[in-house]
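One structure is given below, encoded as structure tokens.
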Amino acid sequence: MNLKNSKFYKRIQELRNFSKEKIRKDREQRGLRSPVIRGVEMALSESKCVAPVIELEWSQLAGPLQEVCSPRRRPSPSKPKQSKKKSNASGEPRLRGGQGFHPVKTIDLNSDAPVEGYIDLNNLRFRVACTPRKETSPLRDEALRVSDSKSAICVSNSRYAMIGRISKSLGYKLVKESKLWNILWSDSFPGVELFKNMKRFQQINHFPGMIEICRKDLLSRNLNRMLKLYPHDYKIFPKTWMLPADYGDAMHYAQNHKRTFILKPDSGAQGRGIWLTNDLKTLGPNERLICQTYIHRPLLIDGYKFDLRVYTLITSVDPLRLYVYNEGLARFATNKYVEPTPGNAHDLYMHLTNYSVNKRNSQYDLCDNDDCGSKRKLSAINNWMTRHNYDVSEFWSNVDDVIIKTVLSAWPVLKHNYHACFPGHDTIQACFEILGFDILVDWKLKPYILEVNHSPSFHTNEQVDREVKRPLIRDTLTLVSTVLADKRQIMREDRKRVKQRLLKSKGDIVQRSRVVPAASKVLPNKEGSPTNKEQSPDPEVGSLAQQIAWEESHMGNFRRIMPPPDASRINYYGKFFGQTNLVSIFQETAASKKREDLARKMRLQIEEKKAKQEQMLNARSKRKRLIQPRLAREKHRLTLFRLKENWSPGYVSEAEERLRNTWQQMRTEAIKNQKITESIYSLLFQNGHLSNTDITTFPNLYHYLQCGFDITGAT
Ligand code: ADP
């Protein structure tokens, strides 16, 4: 069959021709317009030299260029031919008569009002509207100048297309990971190698060591340690035990308190593997779990339990700088809440508030209104609280407190890791990070930290997600200080440094790569002056000051919580920074120390036992075969006996038990048949070890002997 004659083939050809034609027409239309627009841009840049328009900021055009009329309909009055010629001669459009811009009214450069005017170009007249440049502080001016250069961002390690789109709209160029990016946005923790190879103008969206608070088990360990150090300040999380290590403690607590417990896998997420119980005895002693007291009276809205997703941005760990986003999400359970009972404990739609769990429920409410739906904005929760006469500002200051304390629990590790990974990053901070704090609120409005997410979800399935997450990303990218680093200059400096190093001009290198602990640089003393190095102008202090100024002026919808805006809180949080002086950061709780001791003892015992066994095995060849293993078995039995405190009864099968009974019967019969008891009895009697009085005093003796029991206990 000849396909070319088929109807189908002809139709395809038709469609192809049709689309080709369409593309050609499109191109023609675009081709007609784009050189003209480019011409207008050129003309304006030319006109900067001759007219007051010089101050007009082209990048801040209030609207796109608008074609007012075509020359055929409204011919321009001045030198049309000359203009046309010029344009044709150079092949590029030119401003007519060098005049360029015709303002609609007199331009007042001190006013903020937009400037309007006309441009005649290539026989076309365009209306242009521009916003005049505002007077800015030198620092801001400098920052703007730097930000003019296009920064590059790599988002190939992120699954959220939104991040790329927003970056593009902010003027970032999207590049691959192999290129010289300014920002690398990744969903997962990058390896140490990547951190170490970063250039001084580069930033990444994770801090090395943040896992310390982003894994449930590590978070519990850190918060438990802080609770031991500061028992009054760190009641910010439900009582938590790490099983199996804390099995004994948890059981002890369960015996003395009638509570419901929530059990979670130590590194799980999205509500996977979570269940409730009030009987910890059902747990095996070797299960790896996080066990927490269940907050059984949470704050309810419309009868539903909910938790808060609070977005926190860390822009620096040394000095610690934290920002909380004013907007966030409240995630609701989808079945009305009832305090846990054995009957409802399995109802995850009632007790868990994870979106990933509740979206599966048919009751999940997709409502666009602020005051309904299974996912709501924090602003809606604030409104609800205000309506119910709760103190909203006090509540949020408590939430901020919980967030600060959680981050502080990992601060020594964060600081240490940062300086280890980025010893030469002196221009801008090498990292920033958006953390998603999951916070549960109880009926007294007390916030509890449940979990910290290092890569909070940026999926935008619902309108409320879009309304919260898009501005969050936008404000984050605006706040981070990438723009303050001059890529080209840093590259030049680095090349020079390498050259110098190769030429062994050590003195200069040492001076350049000197790293001053940043904490000492920014904390002012009481008089408000820097505590040290006041005289020597340190470039790092300068860049840090510049970064702080940048952050303060680009906060968007973020609020700064660390350093706290309330000066009286600075001293309060100061004491938590000193945790390293009180206890080693790697030191564990007293319970874990005990556990370690016990484990060490057991290890020693096992090693000892092994050594003995080996010794015995070696000696075995020298001794008689039959006696030696029995001795070894006996010793082994004794050792096990000594470890009785760690002993738990094993499983005895029925068959085993029957066998044991049979052996015992056989033994008793043998004793009876061979008249062993009588002979021992008469032997004892004959040797004078047993008298008639003994027989009356211990009437069971004969019976014991007959049954083969131990007679030492009987006498
Ligand atoms: P995951 O990482 O799997 O989401 P979470 O620790 O966030 O685990 O717990 C999941 C959900 O379980 C939370 O959103 C919350 O609703 C509920 N939950 C967790 N811990 C507690 C607790 N101690 N008391 C009451 N509810 C809790």
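In the structure tokens, each chain is lettered A, B, ... as it comes, each chain's residues begin at 1, and ligands are numbered from 1 in order of appearance.
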Given 8 Å and only C-alpha atoms and all ligand atoms, residues near ligand 1 as a ChimeraX atom specification | /A:216,237-239,261-262,264-265,267-274,292-296,298,305-307,331,333,351-354,438,440,450-451
Which of region 368-487 of chain A counts as strand (DSSP E or B) under DSSP, as a ChimeraX atom specification please?
-> /A:375-377,431,433-442,447-453
Can you tell me, as number ranges by chain, what residues are no more than 12 Å from Ser188 (chain A) when counting only C-alpha atoms, ignoring any on the same chain fewer than 3 positions away?
-> A: 155-159, 184-185, 191, 204-208, 210-211, 214, 433, 453-457
Polymer residues at most 10 Å from Gly373 (chain A), only C-alpha atoms, same-chain spacing of 3 or more positions, as a PDB file with N, CA and C atoms, in the first residue's frame:
```pdb
ATOM      1  N   ALA A 330      -1.457  26.107  58.432  1.00  0.00           N
ATOM      2  CA  ALA A 330      -1.977  25.280  59.526  1.00  0.00           C
ATOM      3  C   ALA A 330      -2.587  24.060  58.847  1.00  0.00           C
ATOM      4  N   ARG A 331      -2.129  22.865  59.251  1.00  0.00           N
ATOM      5  CA  ARG A 331      -2.620  21.634  58.615  1.00  0.00           C
ATOM      6  C   ARG A 331      -3.573  20.932  59.563  1.00  0.00           C
ATOM      7  N   PHE A 332      -4.747  20.644  59.116  1.00  0.00           N
ATOM      8  CA  PHE A 332      -5.792  20.111  59.984  1.00  0.00           C
ATOM      9  C   PHE A 332      -5.965  18.610  59.811  1.00  0.00           C
ATOM     10  N   THR A 334      -8.613  15.437  59.698  1.00  0.00           N
ATOM     11  CA  THR A 334      -9.869  15.462  58.931  1.00  0.00           C
ATOM     12  C   THR A 334     -11.027  14.742  59.629  1.00  0.00           C
ATOM     13  N   TYR A 364     -11.389  15.320  53.438  1.00  0.00           N
ATOM     14  CA  TYR A 364     -10.424  16.406  53.245  1.00  0.00           C
ATOM     15  C   TYR A 364     -11.121  17.584  52.571  1.00  0.00           C
ATOM     16  N   ASP A 365     -10.989  18.768  53.169  1.00  0.00           N
ATOM     17  CA  ASP A 365     -11.767  19.916  52.743  1.00  0.00           C
ATOM     18  C   ASP A 365     -10.902  20.867  51.914  1.00  0.00           C
ATOM     19  N   LEU A 366     -11.206  20.935  50.616  1.00  0.00           N
ATOM     20  CA  LEU A 366     -10.475  21.854  49.722  1.00  0.00           C
ATOM     21  C   LEU A 366     -11.302  23.130  49.604  1.00  0.00           C
ATOM     22  N   CYS A 367     -11.065  24.049  50.501  1.00  0.00           N
ATOM     23  CA  CYS A 367     -11.917  25.233  50.512  1.00  0.00           C
ATOM     24  C   CYS A 367     -11.063  26.462  50.250  1.00  0.00           C
ATOM     25  N   ASP A 368     -11.534  27.339  49.383  1.00  0.00           N
ATOM     26  CA  ASP A 368     -10.745  28.519  49.022  1.00  0.00           C
ATOM     27  C   ASP A 368     -10.855  29.645  50.033  1.00  0.00           C
ATOM     28  N   ASN A 369     -11.884  29.544  50.861  1.00  0.00           N
ATOM     29  CA  ASN A 369     -12.102  30.589  51.852  1.00  0.00           C
ATOM     30  C   ASN A 369     -11.047  30.490  52.965  1.00  0.00           C
ATOM     31  N   ASP A 370     -10.684  31.631  53.544  1.00  0.00           N
ATOM     32  CA  ASP A 370      -9.635  31.653  54.570  1.00  0.00           C
ATOM     33  C   ASP A 370     -10.018  30.870  55.821  1.00  0.00           C
ATOM     34  N   ARG A 376      -4.998  25.864  56.094  1.00  0.00           N
ATOM     35  CA  ARG A 376      -5.321  27.296  56.164  1.00  0.00           C
ATOM     36  C   ARG A 376      -4.062  28.122  56.361  1.00  0.00           C
ATOM     37  N   LYS A 377      -4.185  29.403  56.122  1.00  0.00           N
ATOM     38  CA  LYS A 377      -3.016  30.270  56.294  1.00  0.00           C
ATOM     39  C   LYS A 377      -2.872  30.658  57.761  1.00  0.00           C
ATOM     40  N   VAL A 464      -3.990  27.902  48.605  1.00  0.00           N
ATOM     41  CA  VAL A 464      -3.360  28.395  49.828  1.00  0.00           C
ATOM     42  C   VAL A 464      -1.843  28.136  49.794  1.00  0.00           C
TER      43      VAL A 464
END
```
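Separating CA of Ile163 (chain A) from CA of Lys176 (chain A) is a distance of 14.3 Å.
CA of Pro447 (chain A) to CA of Ile236 (chain A) spans 7.1 Å [interatomic distance, one decimal].
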Determine the nearest neighbour of Arg560 (chain A) from the options A:Ile404, A:Ile12, A:Leu170, A:Leu322, counting only C-alpha atoms.
->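 Closest to Arg560 (chain A) of all the choices is A:Leu322.
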Can you work out the spacing between CA of Glu669 (chain A) and CA of Leu684 (chain A) in Å, to one decimal?
-> 21.6 Å
Which residues come within 9 Å of region 284-290 of chain A, counting only C-alpha atoms, excluding same-chain residues fewer than 2 positions away, as a list in words?
->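 Listed by chain and then number, they are Lys216, Asp217, Ser220, Thr240, Trp241, Met242, Leu243, Pro244, Ala245, Tyr247, Gly248, Ile262, Leu263, Lys264, Pro265, Asp266, Ser267, Leu280, Lys281, Thr282 and Gln292 of chain A.
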Pick out the residues sitting within 8 Å of Phe577 (chain A), and hand them over as a PDB file with N, CA, C and O atoms, in the first residue's frame; count only C-alpha atoms, and ignore anything fewer than 3 positions along from it in its own chain.
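Saved as around.pdb:
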```
ATOM      1  N   LEU A 408      19.287  26.753  68.756  1.00  0.00           N
ATOM      2  CA  LEU A 408      20.430  26.884  69.676  1.00  0.00           C
ATOM      3  C   LEU A 408      20.925  25.529  70.178  1.00  0.00           C
ATOM      4  O   LEU A 408      22.101  25.378  70.481  1.00  0.00           O
ATOM      5  N   TRP A 411      23.478  24.674  67.881  1.00  0.00           N
ATOM      6  CA  TRP A 411      24.332  25.781  67.453  1.00  0.00           C
ATOM      7  C   TRP A 411      25.837  25.460  67.488  1.00  0.00           C
ATOM      8  O   TRP A 411      26.544  25.768  66.519  1.00  0.00           O
ATOM      9  N   PRO A 412      26.361  24.830  68.564  1.00  0.00           N
ATOM     10  CA  PRO A 412      27.804  24.568  68.564  1.00  0.00           C
ATOM     11  C   PRO A 412      28.236  23.729  67.365  1.00  0.00           C
ATOM     12  O   PRO A 412      29.273  23.995  66.756  1.00  0.00           O
ATOM     13  N   TYR A 573      19.045  34.820  75.967  1.00  0.00           N
ATOM     14  CA  TYR A 573      19.492  33.777  75.038  1.00  0.00           C
ATOM     15  C   TYR A 573      21.006  33.581  75.096  1.00  0.00           C
ATOM     16  O   TYR A 573      21.511  32.529  74.718  1.00  0.00           O
ATOM     17  N   GLY A 574      21.703  34.631  75.584  1.00  0.00           N
ATOM     18  CA  GLY A 574      23.157  34.549  75.664  1.00  0.00           C
ATOM     19  C   GLY A 574      23.630  33.320  76.410  1.00  0.00           C
ATOM     20  O   GLY A 574      24.612  32.683  76.031  1.00  0.00           O
ATOM     21  N   THR A 580      28.498  25.014  75.412  1.00  0.00           N
ATOM     22  CA  THR A 580      29.723  24.245  75.201  1.00  0.00           C
ATOM     23  C   THR A 580      30.641  24.323  76.405  1.00  0.00           C
ATOM     24  O   THR A 580      31.443  23.440  76.635  1.00  0.00           O
TER      25      THR A 580
END
```
